[in-house]
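Shown next: final24.pdb, given as PDB, C-alpha atoms and all ligand atoms.
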```
ATOM      1  CA  MET A   1     196.566  79.354  89.254  1.00  0.00           C
ATOM      2  CA  TYR A   2     194.345  76.487  88.098  1.00  0.00           C
ATOM      3  CA  PHE A   3     193.309  73.331  89.967  1.00  0.00           C
ATOM      4  CA  ASP A   4     192.302  70.440  87.684  1.00  0.00           C
ATOM      5  CA  SER A   5     189.833  68.808  90.074  1.00  0.00           C
ATOM      6  CA  HIS A   6     189.348  65.627  88.007  1.00  0.00           C
ATOM      7  CA  ALA A   7     192.058  63.973  85.901  1.00  0.00           C
ATOM      8  CA  HIS A   8     192.954  60.406  84.932  1.00  0.00           C
ATOM      9  CA  LEU A   9     196.613  60.931  84.096  1.00  0.00           C
ATOM     10  CA  ASP A  10     197.305  57.336  85.168  1.00  0.00           C
ATOM     11  CA  HIS A  11     195.473  56.266  81.969  1.00  0.00           C
ATOM     12  CA  LEU A  12     197.509  54.157  79.536  1.00  0.00           C
ATOM     13  CA  ARG A  13     196.959  56.795  76.838  1.00  0.00           C
ATOM     14  CA  PHE A  14     199.539  58.876  78.764  1.00  0.00           C
ATOM     15  CA  ASP A  15     202.174  56.145  79.038  1.00  0.00           C
ATOM     16  CA  ALA A  16     204.328  57.702  76.321  1.00  0.00           C
ATOM     17  CA  ASP A  17     204.408  61.301  77.602  1.00  0.00           C
ATOM     18  CA  ARG A  18     203.076  61.377  81.184  1.00  0.00           C
ATOM     19  CA  ASP A  19     206.239  62.854  82.733  1.00  0.00           C
ATOM     20  CA  GLU A  20     206.413  65.513  80.026  1.00  0.00           C
ATOM     21  CA  ILE A  21     202.799  66.574  80.730  1.00  0.00           C
ATOM     22  CA  PHE A  22     203.421  66.839  84.476  1.00  0.00           C
ATOM     23  CA  ALA A  23     206.606  68.818  83.838  1.00  0.00           C
ATOM     24  CA  GLN A  24     204.697  71.333  81.670  1.00  0.00           C
ATOM     25  CA  LEU A  25     201.776  71.918  84.057  1.00  0.00           C
ATOM     26  CA  PRO A  26     203.421  74.733  86.084  1.00  0.00           C
ATOM     27  CA  GLU A  27     204.115  76.804  82.949  1.00  0.00           C
ATOM     28  CA  GLN A  28     200.411  76.456  81.997  1.00  0.00           C
ATOM     29  CA  GLY A  29     199.497  77.786  85.441  1.00  0.00           C
ATOM     30  CA  VAL A  30     198.101  74.433  86.577  1.00  0.00           C
ATOM     31  CA  GLY A  31     199.332  74.266  90.161  1.00  0.00           C
ATOM     32  CA  LEU A  32     197.119  71.575  91.711  1.00  0.00           C
ATOM     33  CA  LEU A  33     195.524  68.393  90.426  1.00  0.00           C
ATOM     34  CA  MET A  34     193.236  65.654  91.717  1.00  0.00           C
ATOM     35  CA  ASN A  35     193.908  62.304  90.060  1.00  0.00           C
ATOM     36  CA  VAL A  36     190.800  60.160  90.357  1.00  0.00           C
ATOM     37  CA  GLY A  37     190.582  56.370  90.576  1.00  0.00           C
ATOM     38  CA  CYS A  38     187.981  54.286  88.728  1.00  0.00           C
ATOM     39  CA  ASP A  39     188.924  50.840  90.030  1.00  0.00           C
ATOM     40  CA  LEU A  40     191.603  49.309  92.250  1.00  0.00           C
ATOM     41  CA  ARG A  41     194.396  49.602  89.667  1.00  0.00           C
ATOM     42  CA  SER A  42     193.791  53.270  88.898  1.00  0.00           C
ATOM     43  CA  SER A  43     193.211  54.071  92.582  1.00  0.00           C
ATOM     44  CA  LEU A  44     196.636  52.624  93.441  1.00  0.00           C
ATOM     45  CA  GLN A  45     198.188  54.516  90.527  1.00  0.00           C
ATOM     46  CA  SER A  46     196.519  57.744  91.659  1.00  0.00           C
ATOM     47  CA  VAL A  47     198.088  57.352  95.105  1.00  0.00           C
ATOM     48  CA  ALA A  48     201.474  56.640  93.509  1.00  0.00           C
ATOM     49  CA  LEU A  49     201.223  59.798  91.357  1.00  0.00           C
ATOM     50  CA  ALA A  50     200.277  61.826  94.444  1.00  0.00           C
ATOM     51  CA  HIS A  51     203.486  60.665  96.088  1.00  0.00           C
ATOM     52  CA  LYS A  52     205.585  61.360  93.014  1.00  0.00           C
ATOM     53  CA  TYR A  53     204.375  64.952  92.427  1.00  0.00           C
ATOM     54  CA  PRO A  54     203.864  67.394  95.327  1.00  0.00           C
ATOM     55  CA  PHE A  55     201.001  69.209  93.547  1.00  0.00           C
ATOM     56  CA  VAL A  56     198.978  66.017  92.918  1.00  0.00           C
ATOM     57  CA  TYR A  57     196.360  64.547  95.257  1.00  0.00           C
ATOM     58  CA  ALA A  58     194.419  61.303  94.911  1.00  0.00           C
ATOM     59  CA  ALA A  59     190.860  60.007  95.097  1.00  0.00           C
ATOM     60  CA  VAL A  60     190.179  56.281  95.387  1.00  0.00           C
ATOM     61  CA  GLY A  61     187.064  54.317  94.520  1.00  0.00           C
ATOM     62  CA  SER A  62     185.120  52.214  92.046  1.00  0.00           C
ATOM     63  CA  HIS A  63     183.334  53.876  89.113  1.00  0.00           C
ATOM     64  CA  PRO A  64     179.903  52.409  88.272  1.00  0.00           C
ATOM     65  CA  ASP A  65     181.596  50.446  85.422  1.00  0.00           C
ATOM     66  CA  ASP A  66     183.608  48.621  88.115  1.00  0.00           C
ATOM     67  CA  ALA A  67     180.684  48.165  90.546  1.00  0.00           C
ATOM     68  CA  ALA A  68     180.641  44.357  90.200  1.00  0.00           C
ATOM     69  CA  GLN A  69     184.179  44.233  91.615  1.00  0.00           C
ATOM     70  CA  LEU A  70     183.283  46.164  94.766  1.00  0.00           C
ATOM     71  CA  ASP A  71     183.166  43.532  97.502  1.00  0.00           C
ATOM     72  CA  GLU A  72     184.089  43.709 101.202  1.00  0.00           C
ATOM     73  CA  ALA A  73     187.757  43.007 100.473  1.00  0.00           C
ATOM     74  CA  ARG A  74     187.911  45.843  97.941  1.00  0.00           C
ATOM     75  CA  LEU A  75     186.210  48.243 100.342  1.00  0.00           C
ATOM     76  CA  ALA A  76     188.749  47.289 103.020  1.00  0.00           C
ATOM     77  CA  LEU A  77     191.585  48.131 100.597  1.00  0.00           C
ATOM     78  CA  TYR A  78     190.029  51.522  99.821  1.00  0.00           C
ATOM     79  CA  ARG A  79     189.654  52.153 103.561  1.00  0.00           C
ATOM     80  CA  GLN A  80     193.377  51.424 104.005  1.00  0.00           C
ATOM     81  CA  LEU A  81     194.345  53.690 101.087  1.00  0.00           C
ATOM     82  CA  CYS A  82     192.302  56.528 102.615  1.00  0.00           C
ATOM     83  CA  ALA A  83     194.652  56.524 105.615  1.00  0.00           C
ATOM     84  CA  ASP A  84     197.292  57.945 103.255  1.00  0.00           C
ATOM     85  CA  GLU A  85     197.537  61.719 103.780  1.00  0.00           C
ATOM     86  CA  ARG A  86     197.634  62.325  99.991  1.00  0.00           C
ATOM     87  CA  VAL A  87     194.166  60.744  99.548  1.00  0.00           C
ATOM     88  CA  LYS A  88     191.565  63.498  99.848  1.00  0.00           C
ATOM     89  CA  ALA A  89     188.327  61.974  98.485  1.00  0.00           C
ATOM     90  CA  ILE A  90     186.386  58.825  97.601  1.00  0.00           C
ATOM     91  CA  GLY A  91     185.832  58.704  93.842  1.00  0.00           C
ATOM     92  CA  GLU A  92     184.837  58.373  91.327  1.00  0.00           C
ATOM     93  CA  ILE A  93     181.666  56.641  92.428  1.00  0.00           C
ATOM     94  CA  GLY A  94     178.078  56.873  91.275  1.00  0.00           C
ATOM     95  CA  LEU A  95     175.593  55.663  88.701  1.00  0.00           C
ATOM     96  CA  ASP A  96     175.677  55.406  84.913  1.00  0.00           C
ATOM     97  CA  TYR A  97     172.424  54.333  83.252  1.00  0.00           C
ATOM     98  CA  HIS A  98     173.570  55.344  79.760  1.00  0.00           C
ATOM     99  CA  TYR A  99     175.200  51.978  79.083  1.00  0.00           C
ATOM    100  CA  GLU A 100     173.907  50.320  82.283  1.00  0.00           C
ATOM    101  CA  ASP A 101     176.745  47.819  82.261  1.00  0.00           C
ATOM    102  CA  PRO A 102     176.672  46.439  84.926  1.00  0.00           C
ATOM    103  CA  THR A 103     172.965  46.757  85.675  1.00  0.00           C
ATOM    104  CA  ARG A 104     171.566  49.306  88.115  1.00  0.00           C
ATOM    105  CA  GLU A 105     170.935  46.485  90.605  1.00  0.00           C
ATOM    106  CA  VAL A 106     174.738  46.087  90.763  1.00  0.00           C
ATOM    107  CA  GLN A 107     175.568  49.811  90.606  1.00  0.00           C
ATOM    108  CA  LEU A 108     173.226  50.966  93.382  1.00  0.00           C
ATOM    109  CA  PRO A 109     174.701  48.912  96.281  1.00  0.00           C
ATOM    110  CA  ALA A 110     178.268  49.800  95.183  1.00  0.00           C
ATOM    111  CA  PHE A 111     177.424  53.516  95.231  1.00  0.00           C
ATOM    112  CA  ARG A 112     175.717  53.147  98.616  1.00  0.00           C
ATOM    113  CA  ALA A 113     178.634  51.212 100.148  1.00  0.00           C
ATOM    114  CA  GLN A 114     181.103  53.894  99.056  1.00  0.00           C
ATOM    115  CA  LEU A 115     178.881  56.704 100.400  1.00  0.00           C
ATOM    116  CA  GLU A 116     178.907  54.782 103.696  1.00  0.00           C
ATOM    117  CA  LEU A 117     182.707  54.639 103.558  1.00  0.00           C
ATOM    118  CA  ALA A 118     182.866  58.401 102.926  1.00  0.00           C
ATOM    119  CA  ARG A 119     180.578  59.023 105.891  1.00  0.00           C
ATOM    120  CA  GLU A 120     182.643  56.716 108.116  1.00  0.00           C
ATOM    121  CA  LEU A 121     185.914  58.432 107.134  1.00  0.00           C
ATOM    122  CA  ALA A 122     184.430  61.965 106.887  1.00  0.00           C
ATOM    123  CA  LEU A 123     185.780  62.358 103.332  1.00  0.00           C
ATOM    124  CA  PRO A 124     184.176  64.191 100.387  1.00  0.00           C
ATOM    125  CA  VAL A 125     183.064  62.202  97.340  1.00  0.00           C
ATOM    126  CA  ILE A 126     183.490  62.653  93.579  1.00  0.00           C
ATOM    127  CA  VAL A 127     180.282  61.529  91.869  1.00  0.00           C
ATOM    128  CA  HIS A 128     179.826  60.335  88.290  1.00  0.00           C
ATOM    129  CA  GLU A 129     176.106  60.430  87.524  1.00  0.00           C
ATOM    130  CA  ARG A 130     174.865  59.942  83.986  1.00  0.00           C
ATOM    131  CA  GLU A 131     171.191  59.512  83.074  1.00  0.00           C
ATOM    132  CA  ALA A 132     170.503  58.352  86.634  1.00  0.00           C
ATOM    133  CA  HIS A 133     169.353  61.652  88.102  1.00  0.00           C
ATOM    134  CA  ALA A 134     166.409  60.405  90.211  1.00  0.00           C
ATOM    135  CA  ASP A 135     168.238  57.453  91.791  1.00  0.00           C
ATOM    136  CA  GLY A 136     171.417  59.503  92.288  1.00  0.00           C
ATOM    137  CA  MET A 137     169.609  62.265  94.149  1.00  0.00           C
ATOM    138  CA  GLU A 138     167.589  59.741  96.166  1.00  0.00           C
ATOM    139  CA  LEU A 139     170.805  58.140  97.437  1.00  0.00           C
ATOM    140  CA  ILE A 140     172.631  61.335  98.309  1.00  0.00           C
ATOM    141  CA  ARG A 141     169.548  62.535 100.235  1.00  0.00           C
ATOM    142  CA  GLN A 142     170.049  59.457 102.428  1.00  0.00           C
ATOM    143  CA  PHE A 143     173.576  60.667 103.313  1.00  0.00           C
ATOM    144  CA  PRO A 144     173.128  64.299 104.402  1.00  0.00           C
ATOM    145  CA  GLU A 145     176.522  64.219 106.190  1.00  0.00           C
ATOM    146  CA  VAL A 146     178.324  63.452 102.914  1.00  0.00           C
ATOM    147  CA  THR A 147     179.051  66.162 100.333  1.00  0.00           C
ATOM    148  CA  GLY A 148     181.342  66.432  97.356  1.00  0.00           C
ATOM    149  CA  VAL A 149     181.185  67.246  93.679  1.00  0.00           C
ATOM    150  CA  PHE A 150     178.939  66.077  90.840  1.00  0.00           C
ATOM    151  CA  HIS A 151     181.655  65.954  88.189  1.00  0.00           C
ATOM    152  CA  CYS A 152     181.153  66.617  84.455  1.00  0.00           C
ATOM    153  CA  TYR A 153     177.715  67.855  85.398  1.00  0.00           C
ATOM    154  CA  SER A 154     174.921  66.752  83.071  1.00  0.00           C
ATOM    155  CA  GLY A 155     171.830  67.319  85.212  1.00  0.00           C
ATOM    156  CA  SER A 156     169.135  69.977  85.194  1.00  0.00           C
ATOM    157  CA  LEU A 157     169.128  73.405  86.770  1.00  0.00           C
ATOM    158  CA  GLU A 158     166.602  72.130  89.338  1.00  0.00           C
ATOM    159  CA  GLN A 159     168.943  69.317  90.358  1.00  0.00           C
ATOM    160  CA  ALA A 160     171.867  71.761  90.613  1.00  0.00           C
ATOM    161  CA  LYS A 161     169.793  73.983  92.903  1.00  0.00           C
ATOM    162  CA  GLU A 162     169.092  71.076  95.244  1.00  0.00           C
ATOM    163  CA  LEU A 163     172.768  70.027  95.235  1.00  0.00           C
ATOM    164  CA  VAL A 164     173.924  73.535  96.130  1.00  0.00           C
ATOM    165  CA  LYS A 165     171.341  73.734  98.916  1.00  0.00           C
ATOM    166  CA  ARG A 166     172.751  70.481 100.268  1.00  0.00           C
ATOM    167  CA  GLY A 167     176.307  71.856 100.250  1.00  0.00           C
ATOM    168  CA  TRP A 168     177.570  70.190  97.065  1.00  0.00           C
ATOM    169  CA  TYR A 169     179.838  71.507  94.302  1.00  0.00           C
ATOM    170  CA  ILE A 170     179.367  71.190  90.521  1.00  0.00           C
ATOM    171  CA  GLY A 171     182.264  70.272  88.210  1.00  0.00           C
ATOM    172  CA  PHE A 172     182.552  71.432  84.585  1.00  0.00           C
ATOM    173  CA  THR A 173     184.667  69.844  81.841  1.00  0.00           C
ATOM    174  CA  GLY A 174     185.362  70.861  78.254  1.00  0.00           C
ATOM    175  CA  VAL A 175     181.712  70.059  77.517  1.00  0.00           C
ATOM    176  CA  VAL A 176     180.829  73.601  78.652  1.00  0.00           C
ATOM    177  CA  THR A 177     182.877  74.945  75.693  1.00  0.00           C
ATOM    178  CA  PHE A 178     180.917  72.921  73.095  1.00  0.00           C
ATOM    179  CA  LYS A 179     178.538  74.781  70.790  1.00  0.00           C
ATOM    180  CA  ASN A 180     175.576  72.585  71.816  1.00  0.00           C
ATOM    181  CA  ALA A 181     176.249  72.876  75.573  1.00  0.00           C
ATOM    182  CA  ARG A 182     172.965  74.552  76.461  1.00  0.00           C
ATOM    183  CA  LYS A 183     172.315  72.725  79.763  1.00  0.00           C
ATOM    184  CA  ALA A 184     175.804  73.104  81.218  1.00  0.00           C
ATOM    185  CA  VAL A 185     175.820  76.784  80.244  1.00  0.00           C
ATOM    186  CA  GLU A 186     172.428  77.385  81.874  1.00  0.00           C
ATOM    187  CA  VAL A 187     173.615  75.734  85.113  1.00  0.00           C
ATOM    188  CA  ALA A 188     176.937  77.612  85.101  1.00  0.00           C
ATOM    189  CA  GLN A 189     175.160  80.945  84.613  1.00  0.00           C
ATOM    190  CA  TRP A 190     173.027  80.339  87.700  1.00  0.00           C
ATOM    191  CA  LEU A 191     175.610  78.611  89.917  1.00  0.00           C
ATOM    192  CA  PRO A 192     177.098  80.663  92.786  1.00  0.00           C
ATOM    193  CA  LEU A 193     180.819  81.309  92.171  1.00  0.00           C
ATOM    194  CA  ASP A 194     181.802  79.519  95.372  1.00  0.00           C
ATOM    195  CA  ARG A 195     180.397  76.161  94.145  1.00  0.00           C
ATOM    196  CA  ILE A 196     182.118  75.870  90.772  1.00  0.00           C
ATOM    197  CA  LEU A 197     184.955  73.420  90.096  1.00  0.00           C
ATOM    198  CA  ILE A 198     186.898  73.097  86.841  1.00  0.00           C
ATOM    199  CA  GLU A 199     188.199  69.792  85.535  1.00  0.00           C
ATOM    200  CA  THR A 200     189.489  68.096  82.423  1.00  0.00           C
ATOM    201  CA  ASP A 201     188.302  64.480  83.042  1.00  0.00           C
ATOM    202  CA  CYS A 202     191.275  63.761  80.777  1.00  0.00           C
ATOM    203  CA  PRO A 203     191.909  61.813  78.576  1.00  0.00           C
ATOM    204  CA  TYR A 204     188.219  62.466  77.765  1.00  0.00           C
ATOM    205  CA  MET A 205     186.150  65.635  77.192  1.00  0.00           C
ATOM    206  CA  ALA A 206     188.747  67.862  75.511  1.00  0.00           C
ATOM    207  CA  PRO A 207     187.563  71.494  75.338  1.00  0.00           C
ATOM    208  CA  GLU A 208     187.201  73.435  72.082  1.00  0.00           C
ATOM    209  CA  PRO A 209     189.203  73.797  69.853  1.00  0.00           C
ATOM    210  CA  HIS A 210     190.578  70.341  70.763  1.00  0.00           C
ATOM    211  CA  ARG A 211     187.201  68.527  70.867  1.00  0.00           C
ATOM    212  CA  GLY A 212     187.479  64.821  70.006  1.00  0.00           C
ATOM    213  CA  ARG A 213     191.223  64.617  70.650  1.00  0.00           C
ATOM    214  CA  ARG A 214     193.064  63.295  73.692  1.00  0.00           C
ATOM    215  CA  ASN A 215     192.652  65.749  76.553  1.00  0.00           C
ATOM    216  CA  ASP A 216     195.151  66.484  79.328  1.00  0.00           C
ATOM    217  CA  SER A 217     195.400  68.821  82.312  1.00  0.00           C
ATOM    218  CA  ARG A 218     197.323  71.465  80.350  1.00  0.00           C
ATOM    219  CA  LEU A 219     193.965  72.387  78.758  1.00  0.00           C
ATOM    220  CA  VAL A 220     192.042  73.109  81.971  1.00  0.00           C
ATOM    221  CA  PRO A 221     192.579  76.897  81.571  1.00  0.00           C
ATOM    222  CA  LEU A 222     190.256  76.711  78.507  1.00  0.00           C
ATOM    223  CA  VAL A 223     187.443  75.433  80.741  1.00  0.00           C
ATOM    224  CA  ALA A 224     188.121  78.261  83.213  1.00  0.00           C
ATOM    225  CA  ALA A 225     188.120  80.813  80.390  1.00  0.00           C
ATOM    226  CA  LYS A 226     184.666  79.722  79.175  1.00  0.00           C
ATOM    227  CA  LEU A 227     183.224  79.818  82.697  1.00  0.00           C
ATOM    228  CA  ALA A 228     184.862  83.218  83.259  1.00  0.00           C
ATOM    229  CA  GLU A 229     183.067  84.538  80.161  1.00  0.00           C
ATOM    230  CA  LEU A 230     179.733  83.174  81.458  1.00  0.00           C
ATOM    231  CA  LYS A 231     180.252  84.671  84.921  1.00  0.00           C
ATOM    232  CA  GLY A 232     181.750  88.038  83.913  1.00  0.00           C
ATOM    233  CA  VAL A 233     185.125  87.586  85.614  1.00  0.00           C
ATOM    234  CA  THR A 234     188.623  87.211  84.160  1.00  0.00           C
ATOM    235  CA  PRO A 235     190.041  83.736  83.438  1.00  0.00           C
ATOM    236  CA  GLU A 236     192.691  84.356  86.124  1.00  0.00           C
ATOM    237  CA  GLU A 237     189.985  85.231  88.657  1.00  0.00           C
ATOM    238  CA  MET A 238     188.041  82.093  87.682  1.00  0.00           C
ATOM    239  CA  GLY A 239     191.249  80.087  88.206  1.00  0.00           C
ATOM    240  CA  GLU A 240     191.726  81.527  91.693  1.00  0.00           C
ATOM    241  CA  ILE A 241     188.052  81.117  92.678  1.00  0.00           C
ATOM    242  CA  THR A 242     187.855  77.481  91.537  1.00  0.00           C
ATOM    243  CA  THR A 243     191.213  76.686  93.138  1.00  0.00           C
ATOM    244  CA  GLU A 244     189.933  78.014  96.481  1.00  0.00           C
ATOM    245  CA  ASN A 245     186.708  76.013  96.023  1.00  0.00           C
ATOM    246  CA  ALA A 246     188.561  72.749  95.355  1.00  0.00           C
ATOM    247  CA  LYS A 247     190.941  73.349  98.273  1.00  0.00           C
ATOM    248  CA  ARG A 248     187.962  73.950 100.576  1.00  0.00           C
ATOM    249  CA  LEU A 249     186.130  70.829  99.376  1.00  0.00           C
ATOM    250  CA  PHE A 250     189.168  68.519  99.489  1.00  0.00           C
ATOM    251  CA  ARG A 251     190.627  70.150 102.646  1.00  0.00           C
ATOM    252  CA  ILE A 252     193.960  70.949 101.059  1.00  0.00           C
TER     253      ILE A 252
HETATM  254 NI    NI A 301     186.400  60.671  85.449  1.00  0.00          NI
END
```
Show me this structure written as structure tokens.
Amino acid sequence: MYFDSHAHLDHLRFDADRDEIFAQLPEQGVGLLMNVGCDLRSSLQSVALAHKYPFVYAAVGSHPDDAAQLDEARLALYRQLCADERVKAIGEIGLDYHYEDPTREVQLPAFRAQLELARELALPVIVHEREAHADGMELIRQFPEVTGVFHCYSGSLEQAKELVKRGWYIGFTGVVTFKNARKAVEVAQWLPLDRILIETDCPYMAPEPHRGRRNDSRLVPLVAAKLAELKGVTPEEMGEITTENAKRLFRI
């Protein structure tokens, strides 16, 4: 069984065939799924999907792109949503210095405020961190009680080693199947089996041979298969291991 630990099936690119995708997940062996919010709208939709489908759970939060919208009122709404038993994490939150829109001066306090919320509610976090490695690590060091997953991992092996030491998990998308995926492969080869999560990050990051097309959770077994090859286990074993890891992290 496979657990897609990071999906955005609320995305409008699934409006035409969302129900069909959910209906086909069991036959692909995908038995659990975390739908992740990026802003208030997608957080609310994630909670709604988690109530519609028994195998779906929700994370709520503001992505760095939405950091300017994270005020006290928004935080209070997220706090309320977290009282829902189907909400298992705060996310996705973090830092993105690739586009830096909004600026890091806006992103940093939004990330900090949501780490504080996770600490207050004793919930794990789902972190998006792109080209902001130093600031991202500096902030999570200030919250030793908070752990979670660095999703679609793009950092170094050194950073991964520190994250694992601090009790964090590392999430891999279809990027690990790409021919030029040297860094992700190096990290996956080192990473202890009990810290690996698989994810689609759909509609983005489709694995080979679907690279560049719309991704969806039916393709998460391809990510597991690549990691299985790197770790010398079967794809089914990788599915079971990463399912147990996600259930442990999200307390499912
Ligand atoms: Ni995402």
Which protein, DNA or RNA residues have an atom within 7 Å of ligand NI 301 (chain A), counting all atoms listed in the file, as a PDB file with C-alpha atoms, in the frame of the given file?
```
ATOM      1  CA  HIS A   6     189.348  65.627  88.007  1.00  0.00           C
ATOM      2  CA  ALA A   7     192.058  63.973  85.901  1.00  0.00           C
ATOM      3  CA  HIS A   8     192.954  60.406  84.932  1.00  0.00           C
ATOM      4  CA  VAL A  36     190.800  60.160  90.357  1.00  0.00           C
ATOM      5  CA  GLU A  92     184.837  58.373  91.327  1.00  0.00           C
ATOM      6  CA  ASP A 201     188.302  64.480  83.042  1.00  0.00           C
TER       7      ASP A 201
END
```
With all atoms listed in the file as the counted atoms, please give the residues lying no more than 12 Å from Gln45 of chain A, apart from itself and same-chain residues fewer than 3 positions off, as a PDB file with C-alpha atoms, keeping the file's coordinate frame.
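As a result, around_0.pdb now contains:
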```
ATOM      1  CA  HIS A   8     192.954  60.406  84.932  1.00  0.00           C
ATOM      2  CA  LEU A   9     196.613  60.931  84.096  1.00  0.00           C
ATOM      3  CA  ASP A  10     197.305  57.336  85.168  1.00  0.00           C
ATOM      4  CA  HIS A  11     195.473  56.266  81.969  1.00  0.00           C
ATOM      5  CA  LEU A  12     197.509  54.157  79.536  1.00  0.00           C
ATOM      6  CA  ASN A  35     193.908  62.304  90.060  1.00  0.00           C
ATOM      7  CA  VAL A  36     190.800  60.160  90.357  1.00  0.00           C
ATOM      8  CA  GLY A  37     190.582  56.370  90.576  1.00  0.00           C
ATOM      9  CA  CYS A  38     187.981  54.286  88.728  1.00  0.00           C
ATOM     10  CA  ASP A  39     188.924  50.840  90.030  1.00  0.00           C
ATOM     11  CA  LEU A  40     191.603  49.309  92.250  1.00  0.00           C
ATOM     12  CA  ARG A  41     194.396  49.602  89.667  1.00  0.00           C
ATOM     13  CA  SER A  42     193.791  53.270  88.898  1.00  0.00           C
ATOM     14  CA  ALA A  48     201.474  56.640  93.509  1.00  0.00           C
ATOM     15  CA  LEU A  49     201.223  59.798  91.357  1.00  0.00           C
ATOM     16  CA  ALA A  50     200.277  61.826  94.444  1.00  0.00           C
ATOM     17  CA  HIS A  51     203.486  60.665  96.088  1.00  0.00           C
ATOM     18  CA  LYS A  52     205.585  61.360  93.014  1.00  0.00           C
ATOM     19  CA  VAL A  56     198.978  66.017  92.918  1.00  0.00           C
ATOM     20  CA  TYR A  57     196.360  64.547  95.257  1.00  0.00           C
ATOM     21  CA  ALA A  58     194.419  61.303  94.911  1.00  0.00           C
ATOM     22  CA  ALA A  59     190.860  60.007  95.097  1.00  0.00           C
ATOM     23  CA  VAL A  60     190.179  56.281  95.387  1.00  0.00           C
ATOM     24  CA  GLY A  61     187.064  54.317  94.520  1.00  0.00           C
ATOM     25  CA  LEU A  81     194.345  53.690 101.087  1.00  0.00           C
ATOM     26  CA  VAL A  87     194.166  60.744  99.548  1.00  0.00           C
TER      27      VAL A  87
END
```
Just so the selection is clear, what residues does the PyMOL selection byres (((chain A and resi 244-247) around 12) and not hetatm) cover here, as a ChimeraX atom specification?
/A:1-6,31-34,55,57,88-89,124,126,148-149,167-171,192-199,237-243,248-252
Convert the current residue selection to file output with C-alpha atoms, as a PDB file, keeping the file's coordinate frame.
```pdb
ATOM      1  CA  MET A   1     196.566  79.354  89.254  1.00  0.00           C
ATOM      2  CA  TYR A   2     194.345  76.487  88.098  1.00  0.00           C
ATOM      3  CA  PHE A   3     193.309  73.331  89.967  1.00  0.00           C
ATOM      4  CA  ASP A   4     192.302  70.440  87.684  1.00  0.00           C
ATOM      5  CA  SER A   5     189.833  68.808  90.074  1.00  0.00           C
ATOM      6  CA  HIS A   6     189.348  65.627  88.007  1.00  0.00           C
ATOM      7  CA  GLY A  31     199.332  74.266  90.161  1.00  0.00           C
ATOM      8  CA  LEU A  32     197.119  71.575  91.711  1.00  0.00           C
ATOM      9  CA  LEU A  33     195.524  68.393  90.426  1.00  0.00           C
ATOM     10  CA  MET A  34     193.236  65.654  91.717  1.00  0.00           C
ATOM     11  CA  PHE A  55     201.001  69.209  93.547  1.00  0.00           C
ATOM     12  CA  TYR A  57     196.360  64.547  95.257  1.00  0.00           C
ATOM     13  CA  LYS A  88     191.565  63.498  99.848  1.00  0.00           C
ATOM     14  CA  ALA A  89     188.327  61.974  98.485  1.00  0.00           C
ATOM     15  CA  PRO A 124     184.176  64.191 100.387  1.00  0.00           C
ATOM     16  CA  ILE A 126     183.490  62.653  93.579  1.00  0.00           C
ATOM     17  CA  GLY A 148     181.342  66.432  97.356  1.00  0.00           C
ATOM     18  CA  VAL A 149     181.185  67.246  93.679  1.00  0.00           C
ATOM     19  CA  GLY A 167     176.307  71.856 100.250  1.00  0.00           C
ATOM     20  CA  TRP A 168     177.570  70.190  97.065  1.00  0.00           C
ATOM     21  CA  TYR A 169     179.838  71.507  94.302  1.00  0.00           C
ATOM     22  CA  ILE A 170     179.367  71.190  90.521  1.00  0.00           C
ATOM     23  CA  GLY A 171     182.264  70.272  88.210  1.00  0.00           C
ATOM     24  CA  PRO A 192     177.098  80.663  92.786  1.00  0.00           C
ATOM     25  CA  LEU A 193     180.819  81.309  92.171  1.00  0.00           C
ATOM     26  CA  ASP A 194     181.802  79.519  95.372  1.00  0.00           C
ATOM     27  CA  ARG A 195     180.397  76.161  94.145  1.00  0.00           C
ATOM     28  CA  ILE A 196     182.118  75.870  90.772  1.00  0.00           C
ATOM     29  CA  LEU A 197     184.955  73.420  90.096  1.00  0.00           C
ATOM     30  CA  ILE A 198     186.898  73.097  86.841  1.00  0.00           C
ATOM     31  CA  GLU A 199     188.199  69.792  85.535  1.00  0.00           C
ATOM     32  CA  GLU A 237     189.985  85.231  88.657  1.00  0.00           C
ATOM     33  CA  MET A 238     188.041  82.093  87.682  1.00  0.00           C
ATOM     34  CA  GLY A 239     191.249  80.087  88.206  1.00  0.00           C
ATOM     35  CA  GLU A 240     191.726  81.527  91.693  1.00  0.00           C
ATOM     36  CA  ILE A 241     188.052  81.117  92.678  1.00  0.00           C
ATOM     37  CA  THR A 242     187.855  77.481  91.537  1.00  0.00           C
ATOM     38  CA  THR A 243     191.213  76.686  93.138  1.00  0.00           C
ATOM     39  CA  ARG A 248     187.962  73.950 100.576  1.00  0.00           C
ATOM     40  CA  LEU A 249     186.130  70.829  99.376  1.00  0.00           C
ATOM     41  CA  PHE A 250     189.168  68.519  99.489  1.00  0.00           C
ATOM     42  CA  ARG A 251     190.627  70.150 102.646  1.00  0.00           C
ATOM     43  CA  ILE A 252     193.960  70.949 101.059  1.00  0.00           C
TER      44      ILE A 252
END
```
Quick one: of A:Glu100, A:Glu229, A:Glu116, A:Glu145, who's nearest to Ala188 of chain A, counting only C-alpha atoms?
A:Glu229
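One finds atom CA of Gln107 of chain A at 7.5 Å from atom CA of Gly94 of chain A.
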Might you pull out every residue within 9 Å of Arg13 of chain A, with all atoms listed in the file counted and same-chain residues fewer than 5 positions away left off, and present them as a PDB file with C-alpha atoms, in the frame of the given file?
```
ATOM      1  CA  ARG A  18     203.076  61.377  81.184  1.00  0.00           C
ATOM      2  CA  PRO A 203     191.909  61.813  78.576  1.00  0.00           C
ATOM      3  CA  ARG A 214     193.064  63.295  73.692  1.00  0.00           C
TER       4      ARG A 214
END
```
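The space between atom CA of Ala16 of chain A and atom CA of His128 of chain A spans 27.4 Å.
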Using the chain letters and numbers from the file, give me the residues hit by the PyMOL selection byres (((chain A and resi 219-228) around 8) and not hetatm), as JSON, numbers by chain.
{"A": [2, 4, 28, 29, 30, 172, 173, 174, 176, 177, 188, 198, 199, 200, 206, 207, 208, 215, 216, 217, 218, 229, 230, 231, 232, 233, 234, 235, 237, 238, 239]}
